[in-house]
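Have a look at final.tsv below; it lists TSV, N, CA and C atoms.
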chain	number	residue	atom	x	y	z
A	1	MET	N	-1.53	37.46	45.72
A	1	MET	CA	-1.67	36.05	46.06
A	1	MET	C	-0.67	35.72	47.17
A	2	ASN	N	-1.16	35.15	48.21
A	2	ASN	CA	-0.35	34.81	49.37
A	2	ASN	C	0.48	33.56	49.09
A	3	ILE	N	1.80	33.69	49.24
A	3	ILE	CA	2.71	32.57	48.94
A	3	ILE	C	2.50	31.41	49.91
A	4	ASN	N	2.12	31.70	51.14
A	4	ASN	CA	1.87	30.63	52.11
A	4	ASN	C	0.68	29.77	51.71
A	5	ILE	N	-0.36	30.42	51.23
A	5	ILE	CA	-1.54	29.67	50.79
A	5	ILE	C	-1.22	28.90	49.52
A	6	MET	N	-0.48	29.51	48.61
A	6	MET	CA	-0.10	28.83	47.37
A	6	MET	C	0.73	27.59	47.67
A	7	SER	N	1.60	27.67	48.69
A	7	SER	CA	2.44	26.52	49.03
A	7	SER	C	1.60	25.34	49.52
A	8	ILE	N	0.49	25.60	50.18
A	8	ILE	CA	-0.40	24.50	50.61
A	8	ILE	C	-0.92	23.76	49.38
A	9	PHE	N	-1.36	24.50	48.38
A	9	PHE	CA	-1.87	23.90	47.15
A	9	PHE	C	-0.77	23.09	46.45
A	10	VAL	N	0.42	23.66	46.36
A	10	VAL	CA	1.54	23.00	45.67
A	10	VAL	C	1.95	21.73	46.41
A	11	ILE	N	1.98	21.76	47.73
A	11	ILE	CA	2.32	20.56	48.50
A	11	ILE	C	1.31	19.44	48.23
A	12	GLY	N	0.04	19.77	48.12
A	12	GLY	CA	-0.97	18.77	47.79
A	12	GLY	C	-0.71	18.14	46.42
A	13	ILE	N	-0.35	18.95	45.45
A	13	ILE	CA	-0.05	18.43	44.12
A	13	ILE	C	1.19	17.53	44.16
A	14	ILE	N	2.20	17.93	44.92
A	14	ILE	CA	3.41	17.11	45.05
A	14	ILE	C	3.07	15.77	45.68
A	15	GLU	N	2.22	15.76	46.70
A	15	GLU	CA	1.80	14.50	47.33
A	15	GLU	C	1.12	13.58	46.31
A	16	ILE	N	0.27	14.15	45.49
A	16	ILE	CA	-0.43	13.35	44.48
A	16	ILE	C	0.58	12.75	43.49
A	17	VAL	N	1.51	13.58	43.01
A	17	VAL	CA	2.51	13.11	42.05
A	17	VAL	C	3.38	12.01	42.65
A	18	LEU	N	3.79	12.17	43.91
A	18	LEU	CA	4.63	11.16	44.56
A	18	LEU	C	3.88	9.86	44.84
A	19	SER	N	2.57	9.93	44.94
A	19	SER	CA	1.79	8.71	45.23
A	19	SER	C	1.58	7.83	44.01
A	20	ILE	N	1.64	8.40	42.82
A	20	ILE	CA	1.32	7.65	41.60
A	20	ILE	C	2.23	6.45	41.38
A	21	PRO	N	3.57	6.59	41.47
A	21	PRO	CA	4.42	5.40	41.28
A	21	PRO	C	4.18	4.32	42.34
A	22	LEU	N	3.82	4.72	43.55
A	22	LEU	CA	3.54	3.75	44.60
A	22	LEU	C	2.28	2.96	44.28
A	23	ILE	N	1.24	3.64	43.83
A	23	ILE	CA	-0.01	2.98	43.48
A	23	ILE	C	0.18	2.02	42.30
A	24	LEU	N	0.97	2.43	41.34
A	24	LEU	CA	1.20	1.63	40.13
A	24	LEU	C	2.26	0.54	40.33
A	25	GLU	N	2.78	0.43	41.55
A	25	GLU	CA	3.79	-0.58	41.90
A	25	GLU	C	5.04	-0.46	41.03
A	26	LYS	N	5.48	0.77	40.81
A	26	LYS	CA	6.67	1.03	40.00
A	26	LYS	C	7.92	1.25	40.84
A	27	VAL	N	7.77	1.27	42.16
A	27	VAL	CA	8.91	1.52	43.04
A	27	VAL	C	9.38	0.20	43.65
A	28	PRO	N	10.55	-0.28	43.25
A	28	PRO	CA	11.05	-1.55	43.81
A	28	PRO	C	11.50	-1.35	45.26
A	29	PRO	N	11.64	-2.44	46.00
A	29	PRO	CA	12.11	-2.32	47.38
A	29	PRO	C	13.44	-1.57	47.46
A	30	ASN	N	13.50	-0.58	48.33
A	30	ASN	CA	14.70	0.23	48.49
A	30	ASN	C	14.66	0.91	49.86
A	31	TRP	N	15.71	1.63	50.19
A	31	TRP	CA	15.78	2.33	51.48
A	31	TRP	C	15.57	3.83	51.33
A	32	LEU	N	15.13	4.30	50.15
A	32	LEU	CA	15.03	5.73	49.93
A	32	LEU	C	13.58	6.22	49.73
A	33	TYR	N	12.80	5.51	48.95
A	33	TYR	CA	11.48	6.01	48.56
A	33	TYR	C	10.45	4.91	48.71
A	34	GLY	N	9.39	5.22	49.43
A	34	GLY	CA	8.33	4.26	49.66
A	34	GLY	C	8.02	4.13	51.14
A	35	PHE	N	7.08	3.25	51.45
A	35	PHE	CA	6.71	2.98	52.84
A	35	PHE	C	7.70	1.96	53.38
A	36	ARG	N	8.72	2.47	54.08
A	36	ARG	CA	9.82	1.63	54.52
A	36	ARG	C	9.71	1.29	56.00
A	37	THR	N	9.57	0.02	56.28
A	37	THR	CA	9.69	-0.51	57.63
A	37	THR	C	10.53	-1.78	57.50
A	38	ARG	N	10.95	-2.31	58.62
A	38	ARG	CA	11.71	-3.57	58.54
A	38	ARG	C	10.88	-4.65	57.85
A	39	LYS	N	9.60	-4.67	58.17
A	39	LYS	CA	8.73	-5.71	57.61
A	39	LYS	C	8.57	-5.56	56.10
A	40	THR	N	8.40	-4.33	55.61
A	40	THR	CA	8.20	-4.16	54.17
A	40	THR	C	9.49	-4.37	53.39
A	41	VAL	N	10.61	-3.92	53.94
A	41	VAL	CA	11.88	-4.06	53.23
A	41	VAL	C	12.37	-5.51	53.24
A	42	ARG	N	12.21	-6.18	54.36
A	42	ARG	CA	12.71	-7.56	54.47
A	42	ARG	C	11.65	-8.61	54.19
A	43	GLY	N	10.40	-8.20	54.03
A	43	GLY	CA	9.31	-9.16	53.88
A	43	GLY	C	9.09	-9.67	52.47
A	44	GLY	N	9.91	-9.28	51.54
A	44	GLY	CA	9.74	-9.73	50.17
A	44	GLY	C	8.98	-8.72	49.33
A	45	GLU	N	9.01	-8.95	48.04
A	45	GLU	CA	8.40	-7.98	47.11
A	45	GLU	C	6.89	-7.89	47.26
A	46	LYS	N	6.23	-9.00	47.53
A	46	LYS	CA	4.77	-8.96	47.66
A	46	LYS	C	4.36	-8.03	48.81
A	47	THR	N	5.03	-8.17	49.95
A	47	THR	CA	4.74	-7.32	51.11
A	47	THR	C	5.04	-5.86	50.77
A	48	TRP	N	6.18	-5.62	50.13
A	48	TRP	CA	6.58	-4.26	49.75
A	48	TRP	C	5.52	-3.60	48.87
A	49	TYR	N	5.12	-4.29	47.81
A	49	TYR	CA	4.18	-3.68	46.87
A	49	TYR	C	2.79	-3.50	47.47
A	50	GLU	N	2.33	-4.44	48.29
A	50	GLU	CA	1.02	-4.28	48.93
A	50	GLU	C	1.01	-3.08	49.88
A	51	ALA	N	2.05	-2.98	50.71
A	51	ALA	CA	2.13	-1.88	51.67
A	51	ALA	C	2.26	-0.54	50.96
A	52	ASN	N	3.07	-0.49	49.92
A	52	ASN	CA	3.27	0.76	49.21
A	52	ASN	C	2.06	1.17	48.37
A	53	LYS	N	1.32	0.20	47.88
A	53	LYS	CA	0.10	0.53	47.15
A	53	LYS	C	-0.91	1.18	48.09
A	54	PHE	N	-1.05	0.60	49.29
A	54	PHE	CA	-1.96	1.18	50.29
A	54	PHE	C	-1.47	2.57	50.71
A	55	ALA	N	-0.17	2.69	50.97
A	55	ALA	CA	0.39	3.99	51.37
A	55	ALA	C	0.22	5.02	50.26
A	56	GLY	N	0.40	4.59	49.01
A	56	GLY	CA	0.22	5.50	47.89
A	56	GLY	C	-1.21	5.99	47.76
A	57	LYS	N	-2.17	5.11	47.96
A	57	LYS	CA	-3.58	5.52	47.91
A	57	LYS	C	-3.89	6.50	49.03
A	58	SER	N	-3.36	6.22	50.22
A	58	SER	CA	-3.57	7.12	51.35
A	58	SER	C	-2.92	8.48	51.09
A	59	LEU	N	-1.72	8.47	50.54
A	59	LEU	CA	-1.02	9.71	50.23
A	59	LEU	C	-1.77	10.51	49.16
A	60	SER	N	-2.35	9.82	48.19
A	60	SER	CA	-3.08	10.54	47.14
A	60	SER	C	-4.34	11.19	47.71
A	61	VAL	N	-5.03	10.51	48.62
A	61	VAL	CA	-6.21	11.11	49.27
A	61	VAL	C	-5.79	12.34	50.07
A	62	ALA	N	-4.70	12.21	50.82
A	62	ALA	CA	-4.20	13.36	51.58
A	62	ALA	C	-3.82	14.50	50.65
A	63	GLY	N	-3.20	14.18	49.52
A	63	GLY	CA	-2.81	15.21	48.56
A	63	GLY	C	-4.01	15.91	47.94
A	64	ILE	N	-5.03	15.13	47.61
A	64	ILE	CA	-6.26	15.72	47.04
A	64	ILE	C	-6.90	16.66	48.05
A	65	LEU	N	-7.02	16.21	49.29
A	65	LEU	CA	-7.63	17.05	50.33
A	65	LEU	C	-6.79	18.31	50.59
A	66	THR	N	-5.47	18.15	50.60
A	66	THR	CA	-4.59	19.30	50.82
A	66	THR	C	-4.71	20.30	49.66
A	67	ALA	N	-4.67	19.79	48.43
A	67	ALA	CA	-4.78	20.66	47.27
A	67	ALA	C	-6.15	21.36	47.23
A	68	LEU	N	-7.21	20.62	47.54
A	68	LEU	CA	-8.54	21.24	47.58
A	68	LEU	C	-8.62	22.32	48.65
A	69	GLY	N	-8.07	22.01	49.82
A	69	GLY	CA	-8.06	23.01	50.89
A	69	GLY	C	-7.28	24.25	50.49
A	70	GLY	N	-6.12	24.05	49.88
A	70	GLY	CA	-5.33	25.19	49.40
A	70	GLY	C	-6.04	25.96	48.31
A	71	GLY	N	-6.73	25.23	47.42
A	71	GLY	CA	-7.49	25.89	46.36
A	71	GLY	C	-8.62	26.73	46.91
A	72	VAL	N	-9.32	26.20	47.90
A	72	VAL	CA	-10.41	26.96	48.53
A	72	VAL	C	-9.85	28.21	49.21
A	73	LEU	N	-8.74	28.06	49.92
A	73	LEU	CA	-8.13	29.23	50.56
A	73	LEU	C	-7.67	30.26	49.54
A	74	LEU	N	-7.11	29.81	48.41
A	74	LEU	CA	-6.72	30.75	47.35
A	74	LEU	C	-7.93	31.48	46.79
A	75	TRP	N	-9.02	30.76	46.62
A	75	TRP	CA	-10.24	31.35	46.10
A	75	TRP	C	-10.83	32.36	47.09
A	76	MET	N	-10.74	32.03	48.40
A	76	MET	CA	-11.34	32.88	49.42
A	76	MET	C	-10.44	34.03	49.85
A	77	GLU	N	-9.16	33.97	49.52
A	77	GLU	CA	-8.22	34.98	50.01
A	77	GLU	C	-8.64	36.42	49.69
A	78	PRO	N	-9.08	36.72	48.48
A	78	PRO	CA	-9.49	38.11	48.22
A	78	PRO	C	-10.65	38.56	49.11
A	79	MET	N	-11.58	37.66	49.39
A	79	MET	CA	-12.71	38.02	50.25
A	79	MET	C	-12.25	38.25	51.69
A	80	ILE	N	-11.36	37.38	52.17
A	80	ILE	CA	-10.85	37.49	53.53
A	80	ILE	C	-10.03	38.76	53.67
A	81	THR	N	-9.18	39.04	52.67
A	81	THR	CA	-8.33	40.21	52.72
A	81	THR	C	-9.15	41.51	52.69
A	82	SER	N	-10.17	41.55	51.84
A	82	SER	CA	-10.99	42.76	51.74
A	82	SER	C	-11.78	42.99	53.02
A	83	GLN	N	-12.25	41.92	53.66
A	83	GLN	CA	-12.95	42.06	54.94
A	83	GLN	C	-12.02	42.56	56.02
A	84	ALA	N	-10.79	42.09	56.03
A	84	ALA	CA	-9.82	42.54	57.03
A	84	ALA	C	-9.48	44.02	56.83
A	85	LEU	N	-9.37	44.45	55.57
A	85	LEU	CA	-9.06	45.84	55.29
A	85	LEU	C	-10.22	46.75	55.68
A	86	GLU	N	-11.46	46.29	55.52
A	86	GLU	CA	-12.63	47.09	55.89
A	86	GLU	C	-12.68	47.31	57.39
A	87	ARG	N	-12.25	46.32	58.17
A	87	ARG	CA	-12.29	46.43	59.63
A	87	ARG	C	-11.18	47.33	60.17
A	88	ALA	N	-10.11	47.47	59.40
A	88	ALA	CA	-8.96	48.23	59.90
A	88	ALA	C	-9.19	49.71	59.86

Could you spell out this file's structure in C-alpha cells?
Amino acid sequence: MNINIMSIFVIGIIEIVLSIPLILEKVPPNWLYGFRTRKTVRGGEKTWYEANKFAGKSLSVAGILTALGGGVLLWMEPMITSQALERA
C-alpha cells in the first residue's frame, strides 16, 4: 500500500472531521480555528456562525471528494502497479 495514496485518503477524513464543529456552530469566534477574516471576527456572532457554517459545508464537500479520490486510488493501486511491472 502506497503511503502517499493513503495520506490523500486520510487528509480527506481529517477535513470532514474538522468541518463538523463548524457546521454545527460549536466553534465560538476566535483567532485560531474557523473561517477568520476581519469581517467574521469583528462582525458579531451571527456573522461568524453564518460564515463558518458555509465554510464547514464547503470543507466537508472537499473532504468527501478528497477521501473518495484517495479511496479510488487505493483501490486501483494494485492494478496500476501490476500494469507497470508488466511493461518493465

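From atom CA of A:Val72 back to atom N of A:Ile20, the distance works out to 22.9 Å.
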
Between atom N of A:Ile16 and atom N of A:Ser58 lies a distance of 9.9 Å

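Between atom CA of A:Asn52 and atom CA of A:Leu32 there is a distance of 12.8 Å.
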
Which residue gives the smallest distance to A:Glu45 among A:Pro28, A:Leu22, A:Gly63, A:Gln83, with only N, CA and C atoms counted? A:Pro28

If you run DSSP on the backbone here, which positions in chain A get alpha helix (DSSP H)? Please write them as number ranges by chain. A: 3-23, 38-42, 45-87
